[in-house]
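Colleague: So here's data.cif (mmCIF, C-alpha atoms and all ligand atoms).
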data_model
loop_
_atom_site.group_PDB
_atom_site.id
_atom_site.type_symbol
_atom_site.label_atom_id
_atom_site.label_comp_id
_atom_site.auth_asym_id
_atom_site.auth_seq_id
_atom_site.Cartn_x
_atom_site.Cartn_y
_atom_site.Cartn_z
ATOM 1 C CA MET A 236 -4.806 -51.401 12.427
ATOM 2 C CA SER A 237 -4.888 -48.427 14.775
ATOM 3 C CA ASN A 238 -1.532 -47.228 13.419
ATOM 4 C CA ALA A 239 -2.836 -47.316 9.857
ATOM 5 C CA LEU A 240 -5.913 -45.346 10.841
ATOM 6 C CA GLN A 241 -3.814 -42.744 12.619
ATOM 7 C CA GLU A 242 -1.638 -42.327 9.561
ATOM 8 C CA ILE A 243 -4.635 -41.674 7.322
ATOM 9 C CA VAL A 244 -6.055 -39.177 9.788
ATOM 10 C CA SER A 245 -2.751 -37.342 10.080
ATOM 11 C CA CYS A 246 -2.397 -37.193 6.280
ATOM 12 C CA MET A 247 -5.877 -35.772 5.949
ATOM 13 C CA GLY A 248 -5.108 -33.244 8.655
ATOM 14 C CA GLN A 249 -2.178 -31.822 6.725
ATOM 15 C CA PRO A 250 -2.517 -29.428 3.828
ATOM 16 C CA VAL A 251 -0.939 -31.496 1.059
ATOM 17 C CA ALA A 252 -1.331 -29.013 -1.773
ATOM 18 C CA GLY A 253 -1.879 -25.338 -2.399
ATOM 19 C CA ASN A 254 -0.033 -22.461 -0.814
ATOM 20 C CA PRO A 255 -0.264 -20.425 2.404
ATOM 21 C CA THR A 256 -2.573 -17.820 0.885
ATOM 22 C CA GLN A 257 -4.958 -20.480 -0.448
ATOM 23 C CA TYR A 258 -5.053 -22.088 2.979
ATOM 24 C CA MET A 259 -5.800 -18.758 4.696
ATOM 25 C CA MET A 260 -8.435 -17.733 2.136
ATOM 26 C CA GLU A 261 -10.357 -20.993 2.256
ATOM 27 C CA LYS A 262 -10.498 -20.880 6.076
ATOM 28 C CA ALA A 263 -11.553 -17.212 5.950
ATOM 29 C CA PHE A 264 -14.333 -17.931 3.398
ATOM 30 C CA VAL A 265 -15.733 -20.608 5.707
ATOM 31 C CA ALA A 266 -15.467 -18.329 8.775
ATOM 32 C CA ALA A 267 -17.263 -15.516 6.907
ATOM 33 C CA GLY A 268 -19.957 -17.881 5.562
ATOM 34 C CA ILE A 269 -18.987 -17.075 1.965
ATOM 35 C CA ASP A 270 -19.324 -20.013 -0.426
ATOM 36 C CA TRP A 271 -16.311 -19.224 -2.613
ATOM 37 C CA ARG A 272 -13.241 -21.244 -3.534
ATOM 38 C CA TYR A 273 -9.594 -20.179 -3.873
ATOM 39 C CA LEU A 274 -7.643 -22.361 -6.296
ATOM 40 C CA THR A 275 -3.899 -22.618 -6.796
ATOM 41 C CA LEU A 276 -3.141 -22.956 -10.513
ATOM 42 C CA GLU A 277 0.335 -23.138 -11.971
ATOM 43 C CA VAL A 278 0.750 -21.243 -15.244
ATOM 44 C CA PRO A 279 3.914 -21.191 -17.383
ATOM 45 C CA PRO A 280 4.968 -17.655 -18.458
ATOM 46 C CA GLU A 281 4.193 -18.297 -22.155
ATOM 47 C CA GLN A 282 0.599 -19.157 -21.267
ATOM 48 C CA LEU A 283 -0.129 -16.254 -18.932
ATOM 49 C CA ALA A 284 -2.262 -14.430 -21.520
ATOM 50 C CA ASP A 285 -4.347 -17.580 -22.091
ATOM 51 C CA ALA A 286 -4.778 -17.977 -18.336
ATOM 52 C CA VAL A 287 -5.990 -14.391 -17.920
ATOM 53 C CA GLY A 288 -8.365 -14.943 -20.860
ATOM 54 C CA GLY A 289 -9.568 -18.047 -19.060
ATOM 55 C CA MET A 290 -10.245 -16.020 -15.900
ATOM 56 C CA ARG A 291 -12.426 -13.697 -17.956
ATOM 57 C CA ALA A 292 -14.213 -16.550 -19.766
ATOM 58 C CA MET A 293 -14.910 -18.450 -16.571
ATOM 59 C CA GLY A 294 -16.065 -15.434 -14.612
ATOM 60 C CA PHE A 295 -13.422 -15.551 -11.866
ATOM 61 C CA ARG A 296 -14.014 -12.848 -9.253
ATOM 62 C CA GLY A 297 -10.308 -12.214 -8.976
ATOM 63 C CA GLY A 298 -6.936 -13.770 -8.390
ATOM 64 C CA ASN A 299 -3.469 -13.458 -6.967
ATOM 65 C CA PHE A 300 -0.429 -13.469 -9.226
ATOM 66 C CA THR A 301 2.987 -14.377 -7.950
ATOM 67 C CA VAL A 302 6.555 -14.638 -9.245
ATOM 68 C CA PRO A 303 7.272 -14.679 -12.205
ATOM 69 C CA HIS A 304 3.965 -13.111 -13.342
ATOM 70 C CA LYS A 305 3.695 -9.931 -11.244
ATOM 71 C CA VAL A 306 5.022 -7.558 -13.912
ATOM 72 C CA ALA A 307 3.966 -9.451 -17.057
ATOM 73 C CA VAL A 308 0.311 -9.542 -16.005
ATOM 74 C CA VAL A 309 0.071 -5.720 -16.001
ATOM 75 C CA ALA A 310 -0.180 -5.583 -19.824
ATOM 76 C CA LEU A 311 -3.087 -8.054 -19.813
ATOM 77 C CA LEU A 312 -5.369 -6.066 -17.492
ATOM 78 C CA ASP A 313 -7.948 -3.308 -18.081
ATOM 79 C CA GLY A 314 -6.751 -0.949 -15.360
ATOM 80 C CA LEU A 315 -4.523 -0.512 -12.310
ATOM 81 C CA SER A 316 -4.899 0.945 -8.841
ATOM 82 C CA GLN A 317 -2.776 3.981 -8.029
ATOM 83 C CA ALA A 318 -0.280 1.918 -5.997
ATOM 84 C CA ALA A 319 -0.008 -0.879 -8.583
ATOM 85 C CA GLU A 320 0.588 1.710 -11.285
ATOM 86 C CA LYS A 321 3.424 3.289 -9.280
ATOM 87 C CA ILE A 322 4.937 -0.061 -8.239
ATOM 88 C CA GLY A 323 4.656 -1.406 -11.799
ATOM 89 C CA ALA A 324 3.626 -4.829 -10.534
ATOM 90 C CA VAL A 325 0.375 -6.570 -9.647
ATOM 91 C CA ASN A 326 -0.172 -9.402 -7.195
ATOM 92 C CA CYS A 327 -3.955 -9.145 -6.916
ATOM 93 C CA VAL A 328 -6.587 -8.788 -9.640
ATOM 94 C CA ASN A 329 -10.194 -7.828 -9.074
ATOM 95 C CA SER A 330 -13.028 -8.217 -11.569
ATOM 96 C CA VAL A 331 -15.151 -5.038 -11.587
ATOM 97 C CA ASP A 332 -18.097 -5.000 -14.024
ATOM 98 C CA GLY A 333 -16.270 -7.413 -16.304
ATOM 99 C CA LYS A 334 -13.017 -5.439 -16.213
ATOM 100 C CA LEU A 335 -9.884 -6.858 -14.606
ATOM 101 C CA ILE A 336 -8.253 -4.285 -12.325
ATOM 102 C CA GLY A 337 -4.739 -4.842 -10.971
ATOM 103 C CA GLU A 338 -3.846 -4.129 -7.353
ATOM 104 C CA ASN A 339 -0.764 -4.642 -5.266
ATOM 105 C CA THR A 340 -1.480 -5.843 -1.751
ATOM 106 C CA ASP A 341 2.096 -6.774 -0.704
ATOM 107 C CA GLY A 342 3.018 -3.259 0.386
ATOM 108 C CA LYS A 343 -0.400 -2.633 1.954
ATOM 109 C CA GLY A 344 -0.056 -5.858 3.924
ATOM 110 C CA PHE A 345 3.339 -4.730 5.159
ATOM 111 C CA LEU A 346 1.991 -1.303 6.095
ATOM 112 C CA GLN A 347 -0.879 -2.754 8.130
ATOM 113 C CA SER A 348 1.576 -4.957 9.960
ATOM 114 C CA LEU A 349 4.025 -2.075 10.572
ATOM 115 C CA ARG A 350 1.258 0.163 11.895
ATOM 116 C CA THR A 351 0.749 -2.223 14.810
ATOM 117 C CA VAL A 352 4.072 -0.893 16.163
ATOM 118 C CA VAL A 353 4.748 2.467 14.444
ATOM 119 C CA ASP A 354 3.141 4.977 12.070
ATOM 120 C CA PRO A 355 5.598 5.481 9.165
ATOM 121 C CA ALA A 356 4.410 9.078 8.539
ATOM 122 C CA GLY A 357 7.347 11.466 8.950
ATOM 123 C CA LYS A 358 9.800 8.634 9.662
ATOM 124 C CA GLN A 359 13.264 7.853 8.267
ATOM 125 C CA ILE A 360 13.152 4.367 6.815
ATOM 126 C CA VAL A 361 15.818 2.022 5.477
ATOM 127 C CA VAL A 362 14.703 -0.667 3.011
ATOM 128 C CA MET A 363 17.245 -3.373 2.218
ATOM 129 C CA GLY A 364 16.554 -4.870 -1.208
ATOM 130 C CA ALA A 365 15.107 -3.510 -4.447
ATOM 131 C CA GLY A 366 13.176 -6.501 -5.830
ATOM 132 C CA GLY A 367 9.408 -6.952 -6.045
ATOM 133 C CA ALA A 368 8.749 -6.972 -2.295
ATOM 134 C CA ALA A 369 11.020 -3.970 -1.691
ATOM 135 C CA ARG A 370 9.330 -1.959 -4.461
ATOM 136 C CA ALA A 371 5.856 -2.633 -3.062
ATOM 137 C CA VAL A 372 6.923 -1.883 0.521
ATOM 138 C CA ALA A 373 8.868 1.292 -0.374
ATOM 139 C CA VAL A 374 6.070 2.766 -2.528
ATOM 140 C CA GLU A 375 3.403 2.154 0.130
ATOM 141 C CA LEU A 376 5.661 3.637 2.830
ATOM 142 C CA ALA A 377 6.167 6.720 0.662
ATOM 143 C CA LEU A 378 2.415 7.015 -0.009
ATOM 144 C CA ALA A 379 1.850 6.696 3.750
ATOM 145 C CA GLY A 380 3.976 9.808 4.318
ATOM 146 C CA ALA A 381 7.444 8.444 5.179
ATOM 147 C CA ALA A 382 9.811 11.429 5.221
ATOM 148 C CA ALA A 383 12.870 9.690 3.793
ATOM 149 C CA ILE A 384 13.574 6.246 2.378
ATOM 150 C CA THR A 385 17.078 4.840 1.933
ATOM 151 C CA ILE A 386 17.319 1.914 -0.457
ATOM 152 C CA VAL A 387 20.242 -0.398 0.290
ATOM 153 C CA ASN A 388 20.890 -2.859 -2.523
ATOM 154 C CA ARG A 389 23.696 -5.103 -3.684
ATOM 155 C CA THR A 390 23.081 -4.431 -7.382
ATOM 156 C CA ARG A 391 23.382 -0.690 -8.018
ATOM 157 C CA GLN A 392 21.211 -0.651 -11.165
ATOM 158 C CA ARG A 393 18.190 -2.243 -9.494
ATOM 159 C CA GLY A 394 18.539 -0.018 -6.450
ATOM 160 C CA GLN A 395 18.852 3.076 -8.643
ATOM 161 C CA GLU A 396 15.647 2.194 -10.521
ATOM 162 C CA LEU A 397 13.707 2.016 -7.253
ATOM 163 C CA VAL A 398 15.164 5.311 -6.010
ATOM 164 C CA GLU A 399 14.188 7.002 -9.299
ATOM 165 C CA LEU A 400 10.692 5.527 -9.048
ATOM 166 C CA LEU A 401 10.275 6.908 -5.512
ATOM 167 C CA ALA A 402 11.700 10.293 -6.490
ATOM 168 C CA SER A 403 9.487 10.656 -9.562
ATOM 169 C CA LYS A 404 6.212 9.200 -8.243
ATOM 170 C CA THR A 405 6.145 10.018 -4.530
ATOM 171 C CA SER A 406 7.104 12.921 -2.282
ATOM 172 C CA ALA A 407 9.478 10.924 -0.047
ATOM 173 C CA ALA A 408 13.175 11.820 -0.204
ATOM 174 C CA ALA A 409 14.902 8.751 -1.658
ATOM 175 C CA THR A 410 18.578 7.847 -1.598
ATOM 176 C CA LEU A 411 20.609 4.821 -2.641
ATOM 177 C CA VAL A 412 23.327 2.995 -0.758
ATOM 178 C CA GLU A 413 25.205 0.386 -2.738
ATOM 179 C CA TRP A 414 25.480 -2.548 -0.356
ATOM 180 C CA GLN A 415 29.047 -3.656 0.243
ATOM 181 C CA GLY A 416 30.123 -5.486 3.367
ATOM 182 C CA GLU A 417 28.284 -4.808 6.620
ATOM 183 C CA TYR A 418 25.673 -2.053 6.349
ATOM 184 C CA ALA A 419 25.898 0.434 9.233
ATOM 185 C CA VAL A 420 22.397 1.639 10.163
ATOM 186 C CA PRO A 421 22.374 5.459 10.472
ATOM 187 C CA ALA A 422 21.588 6.758 13.971
ATOM 188 C CA GLU A 423 18.628 8.788 12.621
ATOM 189 C CA ALA A 424 16.836 5.739 11.119
ATOM 190 C CA ASP A 425 13.485 4.899 12.748
ATOM 191 C CA VAL A 426 12.668 1.708 10.830
ATOM 192 C CA LEU A 427 14.922 -0.920 9.197
ATOM 193 C CA ILE A 428 13.402 -3.473 6.828
ATOM 194 C CA ASN A 429 14.905 -6.596 5.318
ATOM 195 C CA ALA A 430 13.066 -6.830 1.990
ATOM 196 C CA THR A 431 15.650 -9.137 0.425
ATOM 197 C CA SER A 432 15.241 -12.890 0.143
ATOM 198 C CA ILE A 433 18.145 -13.480 2.580
ATOM 199 C CA GLY A 434 16.876 -15.875 5.247
ATOM 200 C CA LEU A 435 14.195 -17.494 3.090
ATOM 201 C CA ASN A 436 14.188 -21.205 3.978
ATOM 202 C CA ASP A 437 17.520 -20.734 5.759
ATOM 203 C CA PRO A 438 17.482 -19.834 9.469
ATOM 204 C CA THR A 439 21.293 -19.539 9.475
ATOM 205 C CA ALA A 440 21.513 -16.951 6.671
ATOM 206 C CA ARG A 441 22.794 -13.599 7.853
ATOM 207 C CA VAL A 442 21.701 -10.208 6.553
ATOM 208 C CA PRO A 443 24.994 -8.245 6.433
ATOM 209 C CA VAL A 444 24.179 -5.433 8.869
ATOM 210 C CA ALA A 445 26.630 -4.135 11.496
ATOM 211 C CA VAL A 446 25.015 -5.556 14.637
ATOM 212 C CA ALA A 447 26.452 -2.785 16.824
ATOM 213 C CA THR A 448 24.337 -0.236 14.880
ATOM 214 C CA LEU A 449 21.076 -2.009 15.804
ATOM 215 C CA ARG A 450 19.865 -0.023 18.792
ATOM 216 C CA ASP A 451 17.107 0.115 21.339
ATOM 217 C CA GLY A 452 14.067 1.913 19.888
ATOM 218 C CA LEU A 453 14.753 0.955 16.261
ATOM 219 C CA VAL A 454 11.865 -0.920 14.614
ATOM 220 C CA VAL A 455 13.247 -3.865 12.641
ATOM 221 C CA ALA A 456 11.031 -5.765 10.206
ATOM 222 C CA ASP A 457 11.614 -8.777 7.967
ATOM 223 C CA VAL A 458 9.492 -9.657 4.931
ATOM 224 C CA VAL A 459 10.743 -13.252 5.011
ATOM 225 C CA PHE A 460 8.034 -15.403 6.582
ATOM 226 C CA ASN A 461 9.509 -18.881 6.370
ATOM 227 C CA PRO A 462 11.005 -19.300 8.871
ATOM 228 C CA PRO A 463 9.291 -16.392 10.637
ATOM 229 C CA LEU A 464 12.036 -16.090 13.251
ATOM 230 C CA THR A 465 14.958 -15.197 11.000
ATOM 231 C CA ARG A 466 18.514 -14.773 12.220
ATOM 232 C CA PHE A 467 18.154 -11.063 11.370
ATOM 233 C CA LEU A 468 15.185 -10.694 13.755
ATOM 234 C CA ILE A 469 16.895 -12.720 16.475
ATOM 235 C CA GLU A 470 19.955 -10.437 16.315
ATOM 236 C CA ALA A 471 17.754 -7.325 16.327
ATOM 237 C CA ASP A 472 15.764 -8.604 19.292
ATOM 238 C CA GLU A 473 18.955 -9.298 21.221
ATOM 239 C CA ARG A 474 19.985 -5.670 20.639
ATOM 240 C CA GLY A 475 16.708 -4.372 22.093
ATOM 241 C CA CYS A 476 14.972 -3.465 18.814
ATOM 242 C CA THR A 477 11.218 -3.802 18.323
ATOM 243 C CA THR A 478 10.822 -6.618 15.794
ATOM 244 C CA LEU A 479 8.141 -7.536 13.268
ATOM 245 C CA ASP A 480 8.092 -10.820 11.348
ATOM 246 C CA GLY A 481 6.943 -11.484 7.773
ATOM 247 C CA LEU A 482 3.867 -13.449 8.842
ATOM 248 C CA GLY A 483 1.994 -10.230 9.639
ATOM 249 C CA MET A 484 2.631 -8.940 6.108
ATOM 250 C CA LEU A 485 1.481 -12.217 4.566
ATOM 251 C CA VAL A 486 -1.706 -12.340 6.648
ATOM 252 C CA ASN A 487 -2.509 -8.700 5.955
ATOM 253 C CA GLN A 488 -1.974 -8.915 2.185
ATOM 254 C CA ALA A 489 -4.517 -11.727 2.268
ATOM 255 C CA VAL A 490 -6.882 -9.633 4.427
ATOM 256 C CA VAL A 491 -6.646 -6.767 1.909
ATOM 257 C CA GLY A 492 -7.221 -9.130 -1.047
ATOM 258 C CA PHE A 493 -10.235 -10.693 0.665
ATOM 259 C CA GLU A 494 -11.743 -7.228 1.232
ATOM 260 C CA ILE A 495 -11.089 -6.183 -2.380
ATOM 261 C CA TRP A 496 -12.843 -9.268 -3.788
ATOM 262 C CA THR A 497 -15.724 -9.720 -1.370
ATOM 263 C CA GLY A 498 -16.269 -6.298 0.239
ATOM 264 C CA VAL A 499 -16.184 -8.135 3.568
ATOM 265 C CA THR A 500 -13.510 -7.743 6.249
ATOM 266 C CA PRO A 501 -12.310 -11.234 7.148
ATOM 267 C CA ASP A 502 -11.321 -12.476 10.580
ATOM 268 C CA ALA A 503 -7.557 -11.825 10.603
ATOM 269 C CA ALA A 504 -7.081 -14.089 13.639
ATOM 270 C CA VAL A 505 -8.579 -17.020 11.704
ATOM 271 C CA MET A 506 -6.185 -16.284 8.843
ATOM 272 C CA ARG A 507 -3.134 -16.028 11.114
ATOM 273 C CA GLU A 508 -4.081 -19.302 12.769
ATOM 274 C CA ALA A 509 -4.529 -20.960 9.358
ATOM 275 C CA LEU A 510 -1.145 -19.662 8.218
ATOM 276 C CA GLU A 511 0.597 -20.971 11.314
ATOM 277 C CA GLU A 512 -1.138 -24.322 10.847
ATOM 278 C CA PHE A 513 -0.052 -24.442 7.188
ATOM 279 C CA LEU A 514 3.552 -23.655 8.113
ATOM 280 C CA GLY A 515 3.470 -26.170 10.974
ATOM 281 C CA LEU A 516 4.303 -23.525 13.607
HETATM 282 P P1 LIG B 1 13.333 -10.551 -5.786
HETATM 283 O O1 LIG B 1 14.077 -11.691 -6.373
HETATM 284 O O2 LIG B 1 12.502 -9.671 -6.652
HETATM 285 O O3 LIG B 1 14.391 -9.584 -5.020
HETATM 286 C C1 LIG B 1 15.341 -10.110 -4.167
HETATM 287 C C2 LIG B 1 16.126 -8.991 -3.486
HETATM 288 O O4 LIG B 1 17.008 -9.586 -2.525
HETATM 289 C C3 LIG B 1 17.001 -8.184 -4.424
HETATM 290 O O5 LIG B 1 17.058 -6.849 -3.997
HETATM 291 C C4 LIG B 1 18.367 -8.872 -4.261
HETATM 292 O O6 LIG B 1 19.435 -8.003 -4.522
HETATM 293 C C5 LIG B 1 18.333 -9.164 -2.786
HETATM 294 N N1 LIG B 1 19.246 -10.242 -2.420
HETATM 295 C C6 LIG B 1 19.058 -11.580 -2.590
HETATM 296 N N2 LIG B 1 20.106 -12.260 -2.100
HETATM 297 C C7 LIG B 1 20.981 -11.334 -1.606
HETATM 298 C C8 LIG B 1 22.241 -11.408 -0.968
HETATM 299 N N3 LIG B 1 22.833 -12.577 -0.728
HETATM 300 N N4 LIG B 1 22.842 -10.266 -0.581
HETATM 301 C C9 LIG B 1 22.258 -9.067 -0.803
HETATM 302 N N5 LIG B 1 21.062 -8.918 -1.415
HETATM 303 C C10 LIG B 1 20.423 -10.046 -1.805
HETATM 304 O O7 LIG B 1 12.459 -11.176 -4.614
HETATM 305 P P2 LIG B 1 11.115 -10.586 -3.978
HETATM 306 O O8 LIG B 1 11.302 -9.137 -3.740
HETATM 307 O O9 LIG B 1 9.945 -11.028 -4.772
HETATM 308 O O10 LIG B 1 11.059 -11.375 -2.593
HETATM 309 C C11 LIG B 1 11.935 -11.051 -1.534
HETATM 310 C C12 LIG B 1 11.474 -11.755 -0.272
HETATM 311 O O11 LIG B 1 10.217 -11.229 0.124
HETATM 312 C C13 LIG B 1 11.266 -13.264 -0.441
HETATM 313 O O12 LIG B 1 11.829 -13.917 0.684
HETATM 314 C C14 LIG B 1 9.754 -13.429 -0.415
HETATM 315 O O13 LIG B 1 9.362 -14.657 0.148
HETATM 316 C C15 LIG B 1 9.374 -12.283 0.516
HETATM 317 N N6 LIG B 1 7.985 -11.854 0.362
HETATM 318 C C16 LIG B 1 7.214 -11.874 1.490
HETATM 319 C C17 LIG B 1 5.908 -11.485 1.425
HETATM 320 C C18 LIG B 1 5.091 -11.529 2.664
HETATM 321 O O14 LIG B 1 3.871 -11.369 2.555
HETATM 322 N N7 LIG B 1 5.674 -11.683 3.840
HETATM 323 C C19 LIG B 1 5.283 -11.040 0.153
HETATM 324 C C20 LIG B 1 6.211 -11.021 -0.970
HETATM 325 C C21 LIG B 1 7.501 -11.432 -0.842
HETATM 326 P P3 LIG B 1 19.994 -7.816 -6.035
HETATM 327 O O15 LIG B 1 19.118 -6.790 -6.687
HETATM 328 O O16 LIG B 1 21.376 -7.359 -5.798
HETATM 329 O O17 LIG B 1 19.923 -9.168 -6.693
#
Take the structure in the file and write it out as structure tokens.

Modeller:
Amino acid sequence: MSNALQEIVSCMGQPVAGNPTQYMMEKAFVAAGIDWRYLTLEVPPEQLADAVGGMRAMGFRGGNFTVPHKVAVVALLDGLSQAAEKIGAVNCVNSVDGKLIGENTDGKGFLQSLRTVVDPAGKQIVVMGAGGAARAVAVELALAGAAAITIVNRTRQRGQELVELLASKTSAAATLVEWQGEYAVPAEADVLINATSIGLNDPTARVPVAVATLRDGLVVADVVFNPPLTRFLIEADERGCTTLDGLGMLVNQAVVGFEIWTGVTPDAAVMREALEEFLGL
């Protein structure tokens, strides 16, 4: 009898549905005394337009959009923020006077997290990856005044597109390195970011970087948040680098979204705690 009861209690104590951002948002609404809900709704690509129409019809205050909708949703909105327009992708939509405005909070979340250890203004930054996360991170770093951004990507074409975007829409100097074998981090780099999906759900996965080029004083960040302690960060830590995990980015993109929708700054500590609880950390 007592075992059965315990099992029910432990089931109820676990988040059984939703996603990390939903879990953080709902906790933050309660902490801020705001009687809103955050729902997780799965939408197939061919019904995205209907879903956005539904948001309008039902008076949603906003929403987050994730893979595979981040680019496709742009055409369905009434306007874009400056960063979302440059990135060409939206992960956050805000309803302003009945108009749906697209934002991108991924890069802003990363920036807030990075600023806890270094100001990117004037810095030389290496971004590994050229997918959605890398685009958002690189554009925000450029808008924040990074002096130079090196994009390191396996697929030349995708890397080239990001370099051209940075060169045409920001004032940061942008260069491409086609990633083959172990990437040797240049001595002048201040910040090194893994914005690839290497390490996602795989603590043994190795980002191919020449470990000997990771040095004391280099700031090393990972966008991967599950697991938060990636092999890449462990190796960087062992070499004396200052490390930053992907949880900070995830919490801060949610903080920025919360502020955009409600005009209220949420309690980031409550959100971090909720995230760690959701991930069972
Ligand atoms: P995409 O699929 O858009 O891009 C993936 C990138 O990783 C590409 O540049 C791809 O290179 C590169 N890549 C993947 N596997 C390898 C490999 N074996 N070797 C070299 N390069 C590789 O993914 P996203 O940009 O959307 O997401 C990337 C990561 O960012 C995910 O882990 C996601 O969870 C995380 N993320 C974290 C957030 C946070 O808040 N912490 C927010 C958003 C994303 P190529 O072009 O050659 O294929």

Colleague: What does the PyMOL selection byres (((chain A and resi 456) around 9) and not hetatm) select in this file, as a PyMOL selection string?

Modeller: chain A and resi 349+426-430+454-455+457-458+467-468+477-481

Colleague: Grab me every residue within 6 Å of ligand LIG 1 (chain B), counting all atoms listed in the file, and send it over as number ranges by chain.

Modeller: A: 341, 364-369, 388-390, 393, 430-433, 435, 458-460, 481-482, 484-485

Colleague: Around all of range 468-481 of chain A's listed atoms, make the axis-aligned box with 8 Å on each side and tell me centre and edge lengths in Å to one decimal, as lines of an AutoDock Vina configuration file.

Modeller:
center_x = 13.5
center_y = -8.1
center_z = 14.9
size_x = 29.0
size_y = 25.3
size_z = 30.3

Colleague: Name all residues at most 8 Å from range 344-348 of chain A (count only C-alpha atoms; drop same-chain ones fewer than 4 positions away) and give them as a PyMOL selection string.

Modeller: chain A and resi 340+352+372+375-376+458+479+483-491

Colleague: Would you translate the PyMOL selection byres (((chain A and resi 382) around 6) and not hetatm) into the concrete set of residues it matches in this file, as a list in words?

Modeller: Gly357, Lys358, Gln359, Ala381, Ala383 and Ala407 of chain A

Colleague: From the list A:Ile360, A:Leu516, A:Val505, A:Cys476, which residue is nearest Met260 in chain A when using all atoms listed in the file?

Modeller: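 Closest residue, counting all atoms listed in the file: A:Val505.
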